[in-house]
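For reference, entry14.cif (mmCIF, C-alpha atoms):
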data_data
#
loop_
_atom_site.label_atom_id
_atom_site.label_comp_id
_atom_site.auth_asym_id
_atom_site.auth_seq_id
_atom_site.Cartn_x
_atom_site.Cartn_y
_atom_site.Cartn_z
CA MET N 581 43.68 109.36 80.25
CA ALA N 582 41.92 106.25 81.56
CA GLU N 583 43.76 104.09 78.98
CA GLN N 584 47.10 105.61 79.84
CA ALA N 585 46.91 104.86 83.56
CA PRO N 586 47.68 101.09 83.48
CA ARG N 587 50.49 101.64 80.95
CA HIS N 588 51.95 104.36 83.12
CA LYS N 589 51.67 102.14 86.15
CA LYS N 590 53.57 99.37 84.38
CA ALA N 591 56.21 101.83 83.26
CA LEU N 592 56.47 103.14 86.81
CA VAL N 593 57.12 99.62 88.11
CA MET N 594 59.89 99.17 85.53
CA ILE N 595 61.43 102.51 86.43
CA ASP N 596 61.18 101.74 90.16
CA GLY N 597 62.98 98.47 89.55
CA ALA N 598 65.74 100.23 87.63
CA LEU N 599 66.02 102.83 90.40
CA ALA N 600 66.29 100.11 93.06
CA LEU N 601 69.07 98.48 91.06
CA ILE N 602 70.90 101.79 90.72
CA VAL N 603 70.64 102.32 94.50
CA ILE N 604 72.08 98.85 95.15
CA LEU N 605 74.95 99.45 92.71
CA LEU N 606 75.63 102.80 94.36
CA ILE N 607 75.80 101.23 97.83
CA VAL N 608 78.28 98.65 96.51
CA GLN N 609 80.30 101.46 94.93
CA MET N 610 80.37 103.43 98.21
CA TRP N 611 81.60 100.38 100.08
CA LEU N 612 84.21 99.78 97.37
CA LEU N 613 85.48 103.34 97.61
CA SER N 614 85.80 103.23 101.40
CA ALA N 615 87.51 99.82 101.33
CA THR N 616 89.92 100.99 98.62
CA LEU N 617 90.75 104.14 100.53
CA GLU N 618 91.42 102.15 103.69
CA ALA N 619 93.69 99.73 101.81
CA PHE N 620 95.51 102.60 100.06
CA LEU N 621 96.13 104.46 103.31
CA GLY N 622 97.29 101.20 104.87
CA GLY N 623 99.96 100.88 102.18
CA HIS N 624 98.30 98.09 100.21
CA HIS N 625 98.38 99.21 96.59
CA ARG N 626 97.55 95.96 94.81
CA VAL N 627 93.78 96.40 95.20
CA VAL N 628 93.68 99.93 93.78
CA LEU N 629 93.63 99.08 90.06
CA PRO N 630 90.97 96.32 90.21
CA ALA N 631 88.84 98.55 92.45
CA ALA N 632 89.03 101.42 89.93
CA ILE N 633 88.03 99.08 87.07
CA VAL N 634 85.09 97.65 89.02
CA SER N 635 83.99 101.11 90.11
CA GLY N 636 84.05 102.27 86.49
CA ALA N 637 82.00 99.24 85.48
CA LEU N 638 79.46 99.99 88.22
CA PHE N 639 79.19 103.58 86.98
CA ALA N 640 78.67 102.31 83.43
CA ALA N 641 75.89 100.04 84.70
CA CYS N 642 74.26 102.95 86.55
CA LEU N 643 74.51 105.12 83.43
CA GLY N 644 73.01 102.35 81.31
CA LEU N 645 70.12 101.95 83.72
CA THR N 646 69.52 105.69 83.77
CA LEU N 647 69.50 105.83 79.97
CA PHE N 648 67.17 102.84 79.93
CA THR N 649 64.88 104.61 82.39
CA GLY N 650 64.72 107.72 80.25
CA ARG N 651 64.19 105.82 77.00
CA PHE N 652 61.56 103.60 78.53
CA ASP N 653 59.78 106.61 79.94
CA GLU N 654 59.75 108.36 76.57
CA GLN N 655 58.50 105.25 74.80
CA SER N 656 55.70 104.74 77.30
CA ARG N 657 54.60 108.34 76.77
CA THR N 658 54.66 108.30 72.99
CA ARG N 659 52.93 104.93 72.50
CA MET Q 603 68.86 111.78 76.51
CA SER Q 604 70.35 114.87 78.05
CA LEU Q 605 71.38 114.73 81.69
CA LEU Q 606 70.04 118.23 82.19
CA ARG Q 607 66.37 118.94 82.44
CA GLN Q 608 64.87 120.14 79.19
CA PRO Q 609 62.80 123.32 79.35
CA SER Q 610 59.12 122.50 79.25
CA ARG Q 611 57.04 123.60 76.25
CA ASP Q 612 53.94 123.72 78.38
CA PRO Q 613 52.76 127.03 79.75
CA LEU Q 614 54.00 127.85 83.21
CA TRP Q 615 50.60 127.36 84.84
CA ARG Q 616 50.59 123.73 83.66
CA ASP Q 617 53.97 123.09 85.27
CA GLU Q 618 52.98 124.84 88.47
CA PHE Q 619 49.47 123.40 88.76
CA SER Q 620 49.83 120.07 87.05
CA VAL Q 621 46.90 117.73 87.35
CA HIS Q 622 48.92 114.78 85.95
CA ALA Q 623 50.20 113.30 89.14
CA GLU Q 624 51.86 110.34 87.40
CA ASP Q 625 53.68 112.66 85.04
CA GLU Q 626 55.09 114.48 88.04
CA GLN Q 627 56.27 111.18 89.49
CA TYR Q 628 57.93 110.36 86.16
CA VAL Q 629 59.94 113.52 86.21
CA THR Q 630 60.90 113.12 89.85
CA ARG Q 631 62.15 109.57 89.35
CA ARG Q 632 64.12 110.48 86.24
CA GLN Q 633 65.74 113.34 88.10
CA PHE Q 634 66.48 111.03 91.00
CA ALA Q 635 68.04 108.47 88.65
CA LYS Q 636 70.25 111.21 87.18
CA PHE Q 637 71.28 112.33 90.64
CA LEU Q 638 72.21 108.77 91.61
CA THR Q 639 74.16 108.33 88.39
CA LEU Q 640 76.11 111.53 89.02
CA THR Q 641 76.84 110.27 92.54
CA SER Q 642 78.05 107.03 90.99
CA LEU Q 643 80.31 109.07 88.70
CA ALA Q 644 81.72 110.83 91.75
CA MET Q 645 82.46 107.46 93.39
CA ALA Q 646 84.21 106.22 90.24
CA ALA Q 647 86.18 109.49 90.09
CA GLY Q 648 87.23 108.91 93.71
CA ASN Q 649 88.53 105.45 92.87
CA ILE Q 650 90.41 106.82 89.85
CA TRP Q 651 91.90 109.55 92.04
CA ILE Q 652 93.16 106.90 94.46
CA LEU Q 653 94.59 104.97 91.50
CA ALA Q 654 96.37 108.10 90.25
CA ARG Q 655 97.81 108.77 93.70
CA SER Q 656 98.95 105.17 93.89
CA VAL Q 657 100.65 105.30 90.47
CA MET Q 658 102.35 108.64 91.12
CA ARG Q 659 103.59 107.87 94.61
CA GLN Q 660 107.29 108.20 95.27
CA PRO Q 661 109.06 105.16 96.68
CA PRO Q 662 109.89 105.98 100.29
CA ARG Q 663 113.49 106.64 101.16
CA PHE Q 664 114.76 105.45 104.49
CA PRO Q 665 117.87 106.57 106.33
CA VAL Q 666 120.63 104.17 107.28
CA VAL Q 667 120.86 104.17 111.05
CA THR Q 668 123.10 102.15 113.34
CA VAL Q 669 120.91 100.24 115.76
CA GLY Q 670 123.70 98.77 117.88
CA ARG Q 671 126.75 96.57 117.91
CA LEU Q 672 126.66 92.85 117.33
CA GLY Q 673 126.76 91.07 120.66
CA ASP Q 674 125.27 93.97 122.61
CA VAL Q 675 121.98 92.11 122.87
CA PRO Q 676 121.99 88.63 124.49
CA VAL Q 677 120.14 85.73 122.83
CA GLY Q 678 116.44 86.15 123.67
CA GLY Q 679 117.05 89.77 124.61
CA VAL Q 680 115.64 92.92 123.09
CA LYS Q 681 116.70 96.46 122.42
CA LEU Q 682 114.37 99.37 121.80
CA PHE Q 683 115.22 102.01 119.23
CA THR Q 684 113.46 104.47 116.94
CA TYR Q 685 113.38 104.25 113.16
CA PRO Q 686 113.02 105.91 110.65
CA THR Q 687 112.08 108.97 112.72
CA PRO Q 688 112.45 109.58 116.46
CA ASN Q 689 108.65 109.18 116.71
CA ASP Q 690 108.62 105.59 115.40
CA PRO Q 691 109.45 103.15 118.21
CA CYS Q 692 110.92 99.79 117.14
CA ILE Q 693 112.02 96.63 118.84
CA LEU Q 694 115.12 94.60 118.02
CA VAL Q 695 115.08 90.94 119.04
CA ARG Q 696 117.99 88.50 118.97
CA THR Q 697 116.25 85.20 118.40
CA ASP Q 698 119.39 83.05 118.30
CA GLU Q 699 123.14 83.38 118.14
CA GLN Q 700 123.20 84.68 114.56
CA THR Q 701 119.69 86.04 113.98
CA TYR Q 702 118.48 89.53 114.67
CA VAL Q 703 115.02 90.76 113.71
CA ALA Q 704 113.42 94.15 114.19
CA TYR Q 705 109.83 95.36 113.92
CA SER Q 706 107.83 98.45 114.53
CA GLN Q 707 106.76 98.40 118.15
CA VAL Q 708 103.36 99.89 117.32
CA CYS Q 709 100.57 97.29 117.26
CA THR Q 710 98.59 97.41 114.03
CA HIS Q 711 95.34 97.15 115.98
CA LEU Q 712 95.20 100.23 118.22
CA SER Q 713 98.85 101.32 118.37
CA CYS Q 714 99.77 99.92 121.77
CA ALA Q 715 103.45 99.04 122.27
CA VAL Q 716 104.20 95.35 121.66
CA PHE Q 717 106.81 93.46 123.72
CA PHE Q 718 108.77 90.27 123.15
CA SER Q 719 107.74 87.30 125.25
CA ALA Q 720 110.73 84.95 125.48
CA LYS Q 721 108.45 82.28 126.96
CA THR Q 722 106.10 82.10 123.96
CA ARG Q 723 108.65 83.48 121.49
CA ARG Q 724 106.08 85.93 120.21
CA LEU Q 725 105.66 89.66 120.05
CA GLU Q 726 102.63 90.34 122.20
CA CYS Q 727 100.34 93.31 122.63
CA PRO Q 728 99.15 93.70 126.22
CA CYS Q 729 96.10 95.81 125.36
CA HIS Q 730 93.94 93.27 123.51
CA ASN Q 731 96.07 90.10 123.60
CA GLY Q 732 97.20 90.34 120.00
CA SER Q 733 100.33 88.40 119.16
CA PHE Q 734 102.72 88.40 116.23
CA SER Q 735 105.27 85.90 114.97
CA VAL Q 736 108.79 86.91 115.87
CA SER Q 737 110.11 85.32 112.68
CA ASP Q 738 108.14 87.40 110.14
CA GLY Q 739 105.84 89.73 112.11
CA SER Q 740 102.64 88.03 110.91
CA VAL Q 741 99.54 88.02 113.08
CA ILE Q 742 99.21 84.81 115.10
CA ALA Q 743 96.28 85.69 117.32
CA GLY Q 744 94.04 88.53 118.41
CA PRO Q 745 92.48 91.50 116.68
CA PRO Q 746 95.43 93.08 114.78
CA PRO Q 747 94.41 93.35 111.10
CA ARG Q 748 97.91 93.49 109.58
CA PRO Q 749 101.42 92.19 110.28
CA LEU Q 750 103.92 94.38 112.08
CA PRO Q 751 106.06 96.47 109.71
CA LYS Q 752 109.48 94.83 109.54
CA ILE Q 753 112.71 96.80 109.81
CA THR Q 754 115.32 95.54 107.37
CA LEU Q 755 118.68 95.05 109.03
CA GLU Q 756 122.20 94.69 107.67
CA ARG Q 757 125.49 93.83 109.27
CA ARG Q 758 128.22 96.31 108.51
CA GLY Q 759 131.40 95.26 110.24
CA SER Q 760 130.52 94.89 113.87
CA ASP Q 761 127.52 97.18 113.57
CA LEU Q 762 123.89 96.33 113.00
CA VAL Q 763 122.20 98.95 110.83
CA ALA Q 764 118.58 99.57 109.87
CA THR Q 765 118.11 100.29 106.17
CA GLY Q 766 114.37 100.31 105.52
CA VAL Q 767 110.85 99.35 106.50
CA GLU Q 768 108.85 96.58 104.83
CA GLY Q 769 105.05 96.68 104.97
CA ALA Q 770 104.83 100.19 106.36
#
Before we go any further, please render this structure as structure tokens.
Amino acid sequence: MAEQAPRHKKALVMIDGALALIVILLIVQMWLLSATLEAFLGGHHRVVLPAAIVSGALFAACLGLTLFTGRFDEQSRTR
Amino acid sequence: MSLLRQPSRDPLWRDEFSVHAEDEQYVTRRQFAKFLTLTSLAMAAGNIWILARSVMRQPPRFPVVTVGRLGDVPVGGVKLFTYPTPNDPCILVRTDEQTYVAYSQVCTHLSCAVFFSAKTRRLECPCHNGSFSVSDGSVIAGPPPRPLPKITLERRGSDLVATGVEGA
């Protein structure tokens, strides 16, 4: 238990960092969605496709970070 | 890794009265990360929905409406009309002997009615001093975020007819 504490703490820092990154990506994605909706309702359709691609990429990044978080957590527990 | 929480193999009392505070934090953060990722998925789905709506939209059809007769409006004069529906006010301007232009009269800032200033040769909005070019409807000054929608005009005999709206 005493040996595990520093390792857990390090893992927690890594996971906190990943979480912070996910939150930042999510804020960007929210802004992107609102800006795209405003442009679409204003009749500007050129931005819709690039916005959808970028939003998908942001989701993929969030998913990757979440998977990384889970894998890292499992590794830190089983070591 | 499954996105759903796996059932614990520990006895219930260990889940309910856990003494491993860090383990509890681990679980909470992983759940939070999953929640954020699902929110991200919802955002991406929203963008894809907008894309689908954009792809499947029908091109708008506009009626052909006679605005007036050539020569009715003097050079530098204006005529107000509605197009494409009676609720869409528009302004026709004769900028020189042969040129007629028409725009939506609704300012793209806060929907005040714009007027033609012969002195500055601009379409001006009295509410917040926005002004638009009379030649193409683009924003020259002030807070309007977009150009004025332009009404396409055609000459048919001695009549001037509106056939569509650009940039609506």
If the PyMOL selection byres ((chain N) within 9 of (chain Q)) is run on the structure shown, which residues does it catch, given as a PyMOL selection string?
-> chain N and resi 585+588-589+592+595-596+598-599+602-603+605-606+609-610+612-613+616-617+620+622-625+628-629+631-640+642-643+645-647+649-651+653
Can you list, as a list of chain:residue names, the residues that the PyMOL selection byres ((chain Q and resi 662) around 12) selects here?
-> N:Gly623, Q:Arg659, Q:Gln660, Q:Pro661, Q:Arg663, Q:Phe664, Q:Pro665, Q:Pro686, Q:Thr765, Q:Gly766, Q:Val767, Q:Glu768, Q:Gly769, Q:Ala770
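If you look at atom CA of Q:Val695 and atom CA of Q:Gly679, they are 6.0 Å away from each other.
In this structure, atom CA of Q:Arg724 sits 5.2 Å away from atom CA of Q:Val736.
Using the PyMOL selection byres ((chain Q and resi 667-672) around 7) on the file at hand returns these residues: Pro665, Val666, Gly673, Asp674, Phe683, Ser760, Asp761, Leu762, Val763, Ala764 and Thr765 of chain Q.
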Using atom CA of N:Arg626 and atom CA of Q:Pro747 as the two end points, give the distance in Å to one decimal.
-> 16.8 Å
Tell me which protein, DNA and RNA residues are within 8 Å of Q:Val703, counting all atoms listed in the file, leaving out same-chain ones fewer than 3 positions away, and put them as an mmCIF file with C-alpha atoms, in the coordinates of the input.
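Saved file out.cif follows:
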data_model
loop_
_atom_site.group_PDB
_atom_site.id
_atom_site.type_symbol
_atom_site.label_atom_id
_atom_site.label_comp_id
_atom_site.auth_asym_id
_atom_site.auth_seq_id
_atom_site.Cartn_x
_atom_site.Cartn_y
_atom_site.Cartn_z
ATOM 1 C CA LEU Q 694 115.120 94.600 118.020
ATOM 2 C CA VAL Q 695 115.080 90.940 119.040
ATOM 3 C CA ARG Q 696 117.990 88.500 118.970
ATOM 4 C CA THR Q 697 116.250 85.200 118.400
ATOM 5 C CA VAL Q 736 108.790 86.910 115.870
ATOM 6 C CA SER Q 737 110.110 85.320 112.680
ATOM 7 C CA ILE Q 753 112.710 96.800 109.810
ATOM 8 C CA THR Q 754 115.320 95.540 107.370
ATOM 9 C CA LEU Q 755 118.680 95.050 109.030
#
With 8 Å of padding per side, what axis-aligned box (centre and edge lengths, Å, one decimal) covers all the listed atoms of stretch 642-648 of chain N? Give it as lines of an AutoDock Vina configuration file.
center_x = 70.8
center_y = 103.9
center_z = 83.2
size_x = 23.3
size_y = 19.9
size_z = 22.6
Generate N, CA and C atoms for stretch 628-640 of chain Q and emit them as a compact mmCIF listing (two decimals), keeping the file's coordinate frame.
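Once everything was written out, this is selection_10.txt:
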# COMPACT_ATOMS: atom_id res chain seq x y z
N TYR Q 628 56.97 110.71 87.21
CA TYR Q 628 57.93 110.36 86.16
C TYR Q 628 59.14 111.29 86.21
N VAL Q 629 58.86 112.54 86.23
CA VAL Q 629 59.94 113.52 86.21
C VAL Q 629 60.80 113.38 87.45
N THR Q 630 60.17 113.23 88.60
CA THR Q 630 60.90 113.12 89.85
C THR Q 630 61.83 111.91 89.83
N ARG Q 631 61.34 110.79 89.36
CA ARG Q 631 62.15 109.57 89.35
C ARG Q 631 63.30 109.69 88.35
N ARG Q 632 63.03 110.31 87.23
CA ARG Q 632 64.12 110.48 86.24
C ARG Q 632 65.21 111.38 86.81
N GLN Q 633 64.75 112.45 87.48
CA GLN Q 633 65.74 113.34 88.10
C GLN Q 633 66.53 112.60 89.18
N PHE Q 634 65.83 111.78 89.94
CA PHE Q 634 66.48 111.03 91.00
C PHE Q 634 67.51 110.06 90.41
N ALA Q 635 67.12 109.40 89.31
CA ALA Q 635 68.04 108.47 88.65
C ALA Q 635 69.28 109.22 88.16
N LYS Q 636 69.09 110.41 87.63
CA LYS Q 636 70.25 111.21 87.18
C LYS Q 636 71.14 111.59 88.34
N PHE Q 637 70.51 111.96 89.45
CA PHE Q 637 71.28 112.33 90.64
C PHE Q 637 72.11 111.14 91.13
N LEU Q 638 71.48 109.97 91.17
CA LEU Q 638 72.21 108.77 91.61
C LEU Q 638 73.36 108.44 90.66
N THR Q 639 73.11 108.63 89.38
CA THR Q 639 74.16 108.33 88.39
C THR Q 639 75.33 109.30 88.54
N LEU Q 640 75.02 110.56 88.80
CA LEU Q 640 76.11 111.53 89.02
C LEU Q 640 76.88 111.18 90.30
